[in-house]
Amino acid sequence: MNLGLAPGEDIEAFWRRVAAVSADWLGAQGAAVRDAVLLLPFAQQIAPARRAWLAQGGWQPRITTSHSLASALGPTALAAPDQLSGDAAIDAFTADRLLAGQSWVQPLKRDSPRDYRVALSRLVDTAQALARAAAQVPPAERPAFLDAASQRLAALDAGPGLLERALALIALAWVASDERRPATDTLFTLRPSAWIWLRAGGPDLLAEALLARDVPALCLDAELDLDRAWAGFTPAARVEEAVAPDFEALAEQTATAVVQHLNAGRRPVALLAQDRVVIRRVRALLGRQGVPVHDETGWTLATTPAAAALMTLLRAALAGGAVDDWLAWLKSALAAGWDAEGLAGLESRCRRFGWRRADQLDAATLPPTVGVLWQRARRQLEPLAGGVRSLGGWLAALGQALNGLAPLADVEGGEALLDTLWISRNPWAGSAHEAALAQTRLRPDEFLAWVDDTLEAAQFEPEEEGAGVAEVVITPLARAMLRPFGAIVLPGADAATLGPVNPQAGLLADADAAALGLPSLAERRDAEALGFAQLLRAPVLTLLRCAFAGAEPLPVSPLLERLAGAAARGGQGLQAWGDDREVLTPAGLPQRRAAADARGRLPAALSASAIEALRNCPYQFFSRVLLGLRETDELEQEPDKRDYGTWLHAVLKRFHEARGEDDVAALRAAAEAELTLLDAADFLPFSAAFERLCSSYLAWLAETEAGGQRFSAGEVDRDCRPFAAPLDALTLRGRLDRVDESPGGTWLLDYKTGDAKGLKEKVAAKLEDTQLATYALLSGAEPGLRAAYLVLDDGKGIALLPHADVSDTALALRDGLQADLTELQAGAPLPALGEGKVCEYCEVRGLCRRDDWSVV
């Protein structure tokens, strides 16, 4: 019986019509209403259906869904070892054991472990899909169904896809060997007075099979043909649409549309979770407005705070010992209440010394509070140390590691996580889960991957206060059908989000899937179109989409195009959604050139870099030196040119101090010694550059020493007080890379690994060279003192770039600093210059607001 959509009918009236039609039909059949079963597509439709029958009076049929009814009639039999459990993570281990005796798959397992894991995942997906399909077939017809499936898969024994078909046959044999009766078998033995099935959103093979039994049956077809809107039926909905220029505008328009519906008295509002990224942003925007929201979709357990905290702990213990992982764990909710001061000291020390691996830290050499914290952290994760062990052993060790930490169950998602990972519960004796936990042997990295995959596959639905009275309900498109919403808002009505259907996740081609009773691509595409058409029963349907995905244009959804085409053929048009927000234009606030007031304060000491900052920009000097602001280096960033330069300084110092008869061997030994604290793999490009440097450096050294110049000291710390009153207490400090002695006097050398061009320009304009002038000042600026940059890695060999008359430059620098610093001490401001190349790469550009200056 086709119900269609009656003119002017709302959802409550539709359900009253369903109740009336069903009651009349049951009366005509002479079937007892109370013994009849009314099957609905989704459990969310049960409440409005019951209200309609209650309003009608008299007995009600049993209103349920097919799977809910099967579960109510009897429990599903427990999965024994090697049987499908329905848990993808556990079933993957069973599949691995099933394939252990198949020689044809062993090369894949040996040569490409990653592809083998993908094959296992698809094998499990296929087996579970086939098990669901078999459960929809009447028990007497199931053997024939499985035989027909086996014959189809075995028909093609050569050509492309042979591996997939072989694995699919394994999946089918796995399903066929399961002697358990599916829970749905009880439905085929049930004999109600009548079956009534409300069809909406596409076919239901199980319901169709039940209606084919020798019991009075009625199919109430509530499907709507999207292409016949305004022709075959008149939609109840006022359909409105809008296009947003970007993601944020789409989220704002969606939240605004929801609020406008609520303000108009249309409650509750369905917010369709077609695009989960947009929905997360919209939910945050609605939360700011205090709008109560109930989320029926939940989210992946892996995204909860509890899962994030647990994964930081496991990565610290099992993922190679990166310092970043340890710090992330110590900052997580699991380590709440630990020594915050010690943690700050630990992080500061790691960043200062560039420690990237946990084995570079020695508690004995750390400050007391830091060392105590580090020892406690290492002891906490000791249960997880070791190699291969059973999955159950890993979980027991994880439980021990969690003891003594903040209770994970108190963190959002913690109870569900402990339950999902079998930490807070034990599997039934003799079950597939018990066998998997006992028999599966995993390496540390495999256990880490298993936990990650398990949390990704699990769903978390938080308990929400007042969920039953929420004004906004986040729900999938299919579950919004035939529910009494005041309005429906669908963000993401674009071609990438609404309309496209992903291919089968398993091993079967689309034609094979359709032949075996699995939904084909076309059937799933049609089901989504039928579900979309059901939205036209709502009072108002708001369709919003984004015009661009990044820089790429984003076309309209094909379903929306079909709806617009139907409206045009019916002489109608989709309305433009109206944004009722008021546009507020705040008064402009001119931003002037920044200038700091240091109120006469000066640092206790200056370095060459501090002087360079003062000369580049007084505001840069203020932020770097007076405020002490620094960019925090990433611990996990790969080595860069600066790291190479630091390492090379240490190598050359070690080489010259321990130099023997064989310079080549000594230089390589120094390099090896300094490389022990670095990741050799990450440092490989710089190690290759050093190999090229060795010969050229030793050749330059031999030539230099032939002229009488000799290495005297390396990495020399010096300080002095070169200024007159009132700056006579100000100290100048610095570290000289290298000091050489020669017949002509002392040489101050500064190693450089960059391009020589910029350095040549600097020493040519002598007063622009701050570094060598500062080194000369630290060395007394004596007559005859020499200074130069030694360029080591220019690509053109070693280059010595001397700074002529460096002592004169040093004295000029001192006099200039005396004048400038005296003015600052007297209260002169430190303006931001906002000029030159240095401004383009300055890390305090955001602090001085250079990009916002309206008056320069």
# chains A, B, ... in the order shown; residues from 1 in each chain; ligands from 1
$ closest_atom_pairs --of "region 558-633 of chain A" --to "region 216-226 of chain A" --cutoff "8 Å" --atoms "only C-alpha atoms" --output "JSON lines"
{"residue": "A:Arg562", "atom": "CA", "partner": "A:Leu226", "partner_atom": "CA", "distance": 7.1}
{"residue": "A:Leu563", "atom": "CA", "partner": "A:Leu226", "partner_atom": "CA", "distance": 6.3}
{"residue": "A:Ala566", "atom": "CA", "partner": "A:Leu226", "partner_atom": "CA", "distance": 7.5}
$ residues_around --residues "Arg17 (chain A)" --least-positions-apart "3" --cutoff "10 Å" --atoms "only C-alpha atoms" --output "ChimeraX atom specification"
/A:3,6,9,11-14,20-23,52-53,56
$ write_last_selection --atoms "N, CA and C atoms" --output "PDB file, in the first residue's frame"
ATOM      1  N   LEU A   3       1.580   4.945   0.784  1.00  0.00           N
ATOM      2  CA  LEU A   3       1.085   6.015   1.649  1.00  0.00           C
ATOM      3  C   LEU A   3       1.332   7.393   1.063  1.00  0.00           C
ATOM      4  N   ALA A   6       0.330  13.123   1.947  1.00  0.00           N
ATOM      5  CA  ALA A   6      -0.950  13.806   1.797  1.00  0.00           C
ATOM      6  C   ALA A   6      -0.745  15.312   1.891  1.00  0.00           C
ATOM      7  N   GLU A   9       0.014  17.505   5.276  1.00  0.00           N
ATOM      8  CA  GLU A   9       0.184  16.527   6.355  1.00  0.00           C
ATOM      9  C   GLU A   9       1.538  16.719   7.024  1.00  0.00           C
ATOM     10  N   ILE A  11       4.247  15.358  10.279  1.00  0.00           N
ATOM     11  CA  ILE A  11       4.723  14.034  10.688  1.00  0.00           C
ATOM     12  C   ILE A  11       3.750  13.362  11.651  1.00  0.00           C
ATOM     13  N   GLU A  12       3.219  14.096  12.615  1.00  0.00           N
ATOM     14  CA  GLU A  12       2.290  13.495  13.567  1.00  0.00           C
ATOM     15  C   GLU A  12       1.041  12.997  12.840  1.00  0.00           C
ATOM     16  N   ALA A  13       0.562  13.766  11.853  1.00  0.00           N
ATOM     17  CA  ALA A  13      -0.606  13.331  11.084  1.00  0.00           C
ATOM     18  C   ALA A  13      -0.268  12.099  10.244  1.00  0.00           C
ATOM     19  N   PHE A  14       0.965  12.048   9.736  1.00  0.00           N
ATOM     20  CA  PHE A  14       1.379  10.865   8.980  1.00  0.00           C
ATOM     21  C   PHE A  14       1.309   9.615   9.846  1.00  0.00           C
ATOM     22  N   ALA A  20      -4.148   4.366  11.556  1.00  0.00           N
ATOM     23  CA  ALA A  20      -5.519   4.133  11.084  1.00  0.00           C
ATOM     24  C   ALA A  20      -5.556   3.099   9.962  1.00  0.00           C
ATOM     25  N   VAL A  21      -4.625   3.245   8.993  1.00  0.00           N
ATOM     26  CA  VAL A  21      -4.589   2.297   7.872  1.00  0.00           C
ATOM     27  C   VAL A  21      -4.278   0.887   8.381  1.00  0.00           C
ATOM     28  N   SER A  22      -3.328   0.790   9.317  1.00  0.00           N
ATOM     29  CA  SER A  22      -2.954  -0.523   9.848  1.00  0.00           C
ATOM     30  C   SER A  22      -4.114  -1.161  10.605  1.00  0.00           C
ATOM     31  N   ALA A  23      -4.805  -0.347  11.421  1.00  0.00           N
ATOM     32  CA  ALA A  23      -5.918  -0.887  12.200  1.00  0.00           C
ATOM     33  C   ALA A  23      -7.040  -1.363  11.281  1.00  0.00           C
ATOM     34  N   ALA A  52       0.891   7.828  18.120  1.00  0.00           N
ATOM     35  CA  ALA A  52      -0.247   7.800  17.179  1.00  0.00           C
ATOM     36  C   ALA A  52      -1.227   6.688  17.548  1.00  0.00           C
ATOM     37  N   TRP A  53      -0.727   5.507  17.878  1.00  0.00           N
ATOM     38  CA  TRP A  53      -1.614   4.406  18.263  1.00  0.00           C
ATOM     39  C   TRP A  53      -2.308   4.707  19.586  1.00  0.00           C
ATOM     40  N   GLN A  56      -5.163   6.937  18.982  1.00  0.00           N
ATOM     41  CA  GLN A  56      -6.260   6.231  18.328  1.00  0.00           C
ATOM     42  C   GLN A  56      -7.075   5.407  19.307  1.00  0.00           C
TER      43      GLN A  56
END
$ residues_around --residues "Arg165 (chain A)" --least-positions-apart "4" --cutoff "7 Å" --atoms "only C-alpha atoms" --output "PyMOL selection string"
chain A and resi 153+161+169
$ closest_residue --among "A:Ala669, A:Ala396, A:Ala799, A:Ala317" --to "Leu749 (chain A)" --atoms "only C-alpha atoms"
A:Ala799
$ atom_distance --atom1 "CA of Tyr751 (chain A)" --atom2 "CA of Gln620 (chain A)"
25.1 Å
$ closest_residue --among "A:Gly628, A:Gly797, A:Gly8, A:Pro491" --to "Ala237 (chain A)" --atoms "only C-alpha atoms"
A:Gly8
$ atom_distance --atom1 "CA of Val489 (chain A)" --atom2 "CA of Thr542 (chain A)"
4.7 Å
$ atom_distance --atom1 "CA of Thr65 (chain A)" --atom2 "CA of Phe42 (chain A)"
6.3 Å
$ select_by_dssp --residues "region 408-496 of chain A" --states "strand (DSSP E)" --output "VMD selection string"
chain A and resid 441 to 442 459 to 460 472 to 475 487 to 491
$ select_by_dssp --residues "region 117-258 of chain A" --states "alpha helix (DSSP H)" --output "ChimeraX atom specification"
/A:117-135,142-154,162-176,185-189,205-211,247-258
$ closest_residue --among "A:Ala527, A:Cys848, A:Val259, A:Ala207" --to "Arg581 (chain A)" --atoms "only C-alpha atoms"
A:Val259
$ residues_around --residues "region 596-598 of chain A" --least-positions-apart "3" --cutoff "12 Å" --atoms "only C-alpha atoms" --output "PDB file with N, CA and C atoms, in the first residue's frame"
ATOM      1  N   ARG A 593      52.864  53.064  15.007  1.00  0.00           N
ATOM      2  CA  ARG A 593      54.154  52.386  15.173  1.00  0.00           C
ATOM      3  C   ARG A 593      54.392  52.097  16.657  1.00  0.00           C
ATOM      4  N   ARG A 601      65.542  50.817  32.168  1.00  0.00           N
ATOM      5  CA  ARG A 601      66.152  49.548  32.562  1.00  0.00           C
ATOM      6  C   ARG A 601      67.093  49.048  31.469  1.00  0.00           C
ATOM      7  N   LEU A 602      68.196  48.468  31.891  1.00  0.00           N
ATOM      8  CA  LEU A 602      69.150  47.844  30.988  1.00  0.00           C
ATOM      9  C   LEU A 602      69.454  46.444  31.512  1.00  0.00           C
ATOM     10  N   PRO A 603      69.869  45.545  30.630  1.00  0.00           N
ATOM     11  CA  PRO A 603      70.241  44.212  31.116  1.00  0.00           C
ATOM     12  C   PRO A 603      71.549  44.267  31.894  1.00  0.00           C
ATOM     13  N   CYS A 617      66.814  46.683  15.377  1.00  0.00           N
ATOM     14  CA  CYS A 617      65.536  47.295  15.734  1.00  0.00           C
ATOM     15  C   CYS A 617      65.467  47.404  17.253  1.00  0.00           C
ATOM     16  N   PRO A 618      65.324  48.617  17.819  1.00  0.00           N
ATOM     17  CA  PRO A 618      65.246  48.752  19.278  1.00  0.00           C
ATOM     18  C   PRO A 618      64.118  47.925  19.903  1.00  0.00           C
ATOM     19  N   TYR A 619      62.999  47.771  19.176  1.00  0.00           N
ATOM     20  CA  TYR A 619      61.888  46.997  19.735  1.00  0.00           C
ATOM     21  C   TYR A 619      62.243  45.505  19.788  1.00  0.00           C
ATOM     22  N   GLN A 620      63.015  45.049  18.819  1.00  0.00           N
ATOM     23  CA  GLN A 620      63.503  43.667  18.853  1.00  0.00           C
ATOM     24  C   GLN A 620      64.408  43.458  20.060  1.00  0.00           C
ATOM     25  N   PHE A 621      65.244  44.432  20.354  1.00  0.00           N
ATOM     26  CA  PHE A 621      66.099  44.389  21.544  1.00  0.00           C
ATOM     27  C   PHE A 621      65.248  44.344  22.809  1.00  0.00           C
ATOM     28  N   PHE A 622      64.200  45.128  22.838  1.00  0.00           N
ATOM     29  CA  PHE A 622      63.304  45.157  23.998  1.00  0.00           C
ATOM     30  C   PHE A 622      62.674  43.775  24.249  1.00  0.00           C
ATOM     31  N   SER A 623      62.172  43.153  23.196  1.00  0.00           N
ATOM     32  CA  SER A 623      61.473  41.884  23.374  1.00  0.00           C
ATOM     33  C   SER A 623      62.445  40.742  23.661  1.00  0.00           C
ATOM     34  N   VAL A 625      65.854  40.892  24.652  1.00  0.00           N
ATOM     35  CA  VAL A 625      66.828  41.046  25.732  1.00  0.00           C
ATOM     36  C   VAL A 625      66.169  41.469  27.037  1.00  0.00           C
ATOM     37  N   LEU A 626      65.344  42.522  26.977  1.00  0.00           N
ATOM     38  CA  LEU A 626      64.750  43.019  28.220  1.00  0.00           C
ATOM     39  C   LEU A 626      63.598  42.133  28.706  1.00  0.00           C
ATOM     40  N   LEU A 627      62.779  41.642  27.761  1.00  0.00           N
ATOM     41  CA  LEU A 627      61.678  40.766  28.162  1.00  0.00           C
ATOM     42  C   LEU A 627      62.083  39.284  28.170  1.00  0.00           C
ATOM     43  N   LEU A 821      73.100  53.383  24.740  1.00  0.00           N
ATOM     44  CA  LEU A 821      72.660  52.789  26.001  1.00  0.00           C
ATOM     45  C   LEU A 821      72.490  53.836  27.077  1.00  0.00           C
ATOM     46  N   GLU A 823      71.345  56.825  26.537  1.00  0.00           N
ATOM     47  CA  GLU A 823      70.031  57.414  26.270  1.00  0.00           C
ATOM     48  C   GLU A 823      68.911  56.485  26.759  1.00  0.00           C
ATOM     49  N   LEU A 824      69.090  55.183  26.526  1.00  0.00           N
ATOM     50  CA  LEU A 824      68.065  54.235  26.994  1.00  0.00           C
ATOM     51  C   LEU A 824      67.972  54.254  28.507  1.00  0.00           C
ATOM     52  N   GLN A 825      69.110  54.324  29.180  1.00  0.00           N
ATOM     53  CA  GLN A 825      69.100  54.361  30.642  1.00  0.00           C
ATOM     54  C   GLN A 825      68.415  55.616  31.151  1.00  0.00           C
ATOM     55  N   ALA A 826      68.491  56.679  30.343  1.00  0.00           N
ATOM     56  CA  ALA A 826      67.844  57.934  30.729  1.00  0.00           C
ATOM     57  C   ALA A 826      66.349  57.925  30.427  1.00  0.00           C
ATOM     58  N   GLY A 827      65.845  56.869  29.795  1.00  0.00           N
ATOM     59  CA  GLY A 827      64.404  56.757  29.559  1.00  0.00           C
ATOM     60  C   GLY A 827      63.981  56.916  28.126  1.00  0.00           C
ATOM     61  N   ALA A 828      64.902  56.868  27.181  1.00  0.00           N
ATOM     62  CA  ALA A 828      64.533  56.989  25.769  1.00  0.00           C
ATOM     63  C   ALA A 828      63.694  55.770  25.360  1.00  0.00           C
ATOM     64  N   PRO A 829      62.689  55.966  24.500  1.00  0.00           N
ATOM     65  CA  PRO A 829      61.848  54.829  24.066  1.00  0.00           C
ATOM     66  C   PRO A 829      62.614  53.919  23.111  1.00  0.00           C
ATOM     67  N   LEU A 830      62.056  52.719  22.926  1.00  0.00           N
ATOM     68  CA  LEU A 830      62.631  51.756  21.986  1.00  0.00           C
ATOM     69  C   LEU A 830      61.606  51.521  20.886  1.00  0.00           C
ATOM     70  N   PRO A 831      61.665  52.263  19.798  1.00  0.00           N
ATOM     71  CA  PRO A 831      60.651  52.143  18.743  1.00  0.00           C
ATOM     72  C   PRO A 831      60.882  50.921  17.854  1.00  0.00           C
ATOM     73  N   ALA A 832      59.810  50.445  17.266  1.00  0.00           N
ATOM     74  CA  ALA A 832      59.903  49.402  16.243  1.00  0.00           C
ATOM     75  C   ALA A 832      60.172  50.082  14.911  1.00  0.00           C
ATOM     76  N   LEU A 833      61.231  49.697  14.229  1.00  0.00           N
ATOM     77  CA  LEU A 833      61.583  50.360  12.979  1.00  0.00           C
ATOM     78  C   LEU A 833      60.685  49.904  11.834  1.00  0.00           C
ATOM     79  N   LEU A 847      54.211  40.881  17.859  1.00  0.00           N
ATOM     80  CA  LEU A 847      54.166  41.660  19.095  1.00  0.00           C
ATOM     81  C   LEU A 847      54.139  43.163  18.816  1.00  0.00           C
ATOM     82  N   CYS A 848      54.884  43.601  17.827  1.00  0.00           N
ATOM     83  CA  CYS A 848      54.884  45.029  17.491  1.00  0.00           C
ATOM     84  C   CYS A 848      53.744  45.393  16.546  1.00  0.00           C
TER      85      CYS A 848
END
$ closest_residue --among "A:Ile423, A:Ala729, A:Ala604, A:Ala665" --to "Leu698 (chain A)" --atoms "only C-alpha atoms"
A:Ala665
$ residues_around --residues "Ala713 (chain A)" --least-positions-apart "4" --cutoff "10 Å" --atoms "only C-alpha atoms" --output "PDB file with N, CA and C atoms, in the first residue's frame"
ATOM      1  N   LYS A 653      86.410  21.582  17.746  1.00  0.00           N
ATOM      2  CA  LYS A 653      87.046  21.794  19.062  1.00  0.00           C
ATOM      3  C   LYS A 653      87.654  20.484  19.558  1.00  0.00           C
ATOM      4  N   HIS A 656      90.828  19.523  17.440  1.00  0.00           N
ATOM      5  CA  HIS A 656      92.058  20.274  17.699  1.00  0.00           C
ATOM      6  C   HIS A 656      92.613  19.978  19.088  1.00  0.00           C
ATOM      7  N   GLU A 657      91.765  19.721  20.044  1.00  0.00           N
ATOM      8  CA  GLU A 657      92.249  19.453  21.399  1.00  0.00           C
ATOM      9  C   GLU A 657      92.821  18.048  21.539  1.00  0.00           C
ATOM     10  N   LEU A 736      84.019  32.887  21.949  1.00  0.00           N
ATOM     11  CA  LEU A 736      84.792  32.929  20.719  1.00  0.00           C
ATOM     12  C   LEU A 736      84.927  31.506  20.177  1.00  0.00           C
ATOM     13  N   ASP A 737      84.571  31.327  18.901  1.00  0.00           N
ATOM     14  CA  ASP A 737      84.642  29.988  18.323  1.00  0.00           C
ATOM     15  C   ASP A 737      86.068  29.446  18.345  1.00  0.00           C
ATOM     16  N   ARG A 738      87.017  30.333  18.045  1.00  0.00           N
ATOM     17  CA  ARG A 738      88.390  29.831  17.924  1.00  0.00           C
ATOM     18  C   ARG A 738      89.383  30.984  18.037  1.00  0.00           C
ATOM     19  N   VAL A 739      90.489  30.723  18.713  1.00  0.00           N
ATOM     20  CA  VAL A 739      91.587  31.680  18.832  1.00  0.00           C
ATOM     21  C   VAL A 739      92.851  31.007  18.308  1.00  0.00           C
ATOM     22  N   ASP A 740      93.499  31.641  17.322  1.00  0.00           N
ATOM     23  CA  ASP A 740      94.755  31.138  16.762  1.00  0.00           C
ATOM     24  C   ASP A 740      95.874  32.130  17.060  1.00  0.00           C
ATOM     25  N   GLU A 741      97.075  31.602  17.154  1.00  0.00           N
ATOM     26  CA  GLU A 741      98.255  32.441  17.300  1.00  0.00           C
ATOM     27  C   GLU A 741      99.112  32.299  16.044  1.00  0.00           C
TER      28      GLU A 741
END
$ residues_around --residues "region 263-278 of chain A" --least-positions-apart "5" --cutoff "9 Å" --atoms "only C-alpha atoms" --output "ChimeraX atom specification"
/A:247-248,250-251,254,258,283,297,469-477,480,484-493,497-498,539-540
$ residues_around --residues "Ser695 (chain A)" --least-positions-apart "3" --cutoff "12 Å" --atoms "only C-alpha atoms" --output "number ranges by chain"
A: 663-665, 667-668, 689-692, 698-702, 792, 797-798
$ decode --residues "region 787-796 of chain A" --atoms "all heavy atoms" --output "short mmCIF file (atom, residue, chain, number, x, y, z; two decimals), in the first residue's frame"
data_model
loop_
_atom_site.label_atom_id
_atom_site.label_comp_id
_atom_site.auth_asym_id
_atom_site.auth_seq_id
_atom_site.Cartn_x
_atom_site.Cartn_y
_atom_site.Cartn_z
N ALA A 787 90.77 39.41 12.97
CA ALA A 787 89.52 38.63 13.10
C ALA A 787 89.00 38.30 11.71
O ALA A 787 89.18 39.08 10.77
CB ALA A 787 88.47 39.41 13.88
N ALA A 788 88.34 37.15 11.60
CA ALA A 788 87.84 36.73 10.29
C ALA A 788 86.74 35.69 10.47
O ALA A 788 86.67 35.00 11.49
CB ALA A 788 88.97 36.14 9.44
N TYR A 789 85.90 35.63 9.45
CA TYR A 789 84.92 34.54 9.36
C TYR A 789 85.56 33.40 8.57
O TYR A 789 86.15 33.63 7.50
CB TYR A 789 83.65 34.99 8.65
CG TYR A 789 82.84 36.00 9.42
CD1 TYR A 789 82.74 37.33 8.99
CD2 TYR A 789 82.15 35.62 10.57
CE1 TYR A 789 82.00 38.25 9.69
CE2 TYR A 789 81.40 36.54 11.28
CZ TYR A 789 81.33 37.85 10.84
OH TYR A 789 80.59 38.77 11.55
N LEU A 790 85.45 32.18 9.08
CA LEU A 790 85.95 31.00 8.38
C LEU A 790 84.75 30.24 7.84
O LEU A 790 84.04 29.55 8.58
CB LEU A 790 86.77 30.12 9.32
CG LEU A 790 87.46 28.91 8.69
CD1 LEU A 790 88.42 29.36 7.59
CD2 LEU A 790 88.18 28.08 9.74
N VAL A 791 84.51 30.41 6.53
CA VAL A 791 83.35 29.80 5.89
C VAL A 791 83.70 28.36 5.54
O VAL A 791 84.60 28.11 4.73
CB VAL A 791 82.92 30.58 4.64
CG1 VAL A 791 81.66 29.97 4.04
CG2 VAL A 791 82.67 32.04 4.99
N LEU A 792 82.98 27.40 6.13
CA LEU A 792 83.34 25.99 6.01
C LEU A 792 82.55 25.24 4.95
O LEU A 792 83.01 24.23 4.43
CB LEU A 792 83.16 25.30 7.36
CG LEU A 792 83.99 25.86 8.52
CD1 LEU A 792 83.53 25.22 9.83
CD2 LEU A 792 85.47 25.62 8.30
N ASP A 793 81.34 25.69 4.67
CA ASP A 793 80.45 24.86 3.84
C ASP A 793 79.76 25.71 2.78
O ASP A 793 78.55 25.68 2.62
CB ASP A 793 79.41 24.18 4.74
CG ASP A 793 78.71 23.04 4.03
OD1 ASP A 793 79.29 22.49 3.09
OD2 ASP A 793 77.57 22.71 4.40
N ASP A 794 80.57 26.46 2.05
CA ASP A 794 80.02 27.35 1.04
C ASP A 794 79.79 26.65 -0.30
O ASP A 794 79.14 27.18 -1.18
CB ASP A 794 80.97 28.54 0.84
CG ASP A 794 80.45 29.55 -0.16
OD1 ASP A 794 79.23 29.84 -0.10
OD2 ASP A 794 81.21 30.01 -1.02
N GLY A 795 80.31 25.45 -0.45
CA GLY A 795 80.20 24.74 -1.71
C GLY A 795 81.36 25.04 -2.64
O GLY A 795 81.51 24.41 -3.70
N LYS A 796 82.19 26.02 -2.29
CA LYS A 796 83.34 26.40 -3.12
C LYS A 796 84.65 26.22 -2.37
O LYS A 796 85.65 26.83 -2.69
CB LYS A 796 83.21 27.85 -3.58
CG LYS A 796 81.95 28.12 -4.39
CD LYS A 796 81.84 29.58 -4.77
CE LYS A 796 80.57 29.86 -5.56
NZ LYS A 796 80.43 31.31 -5.89
#
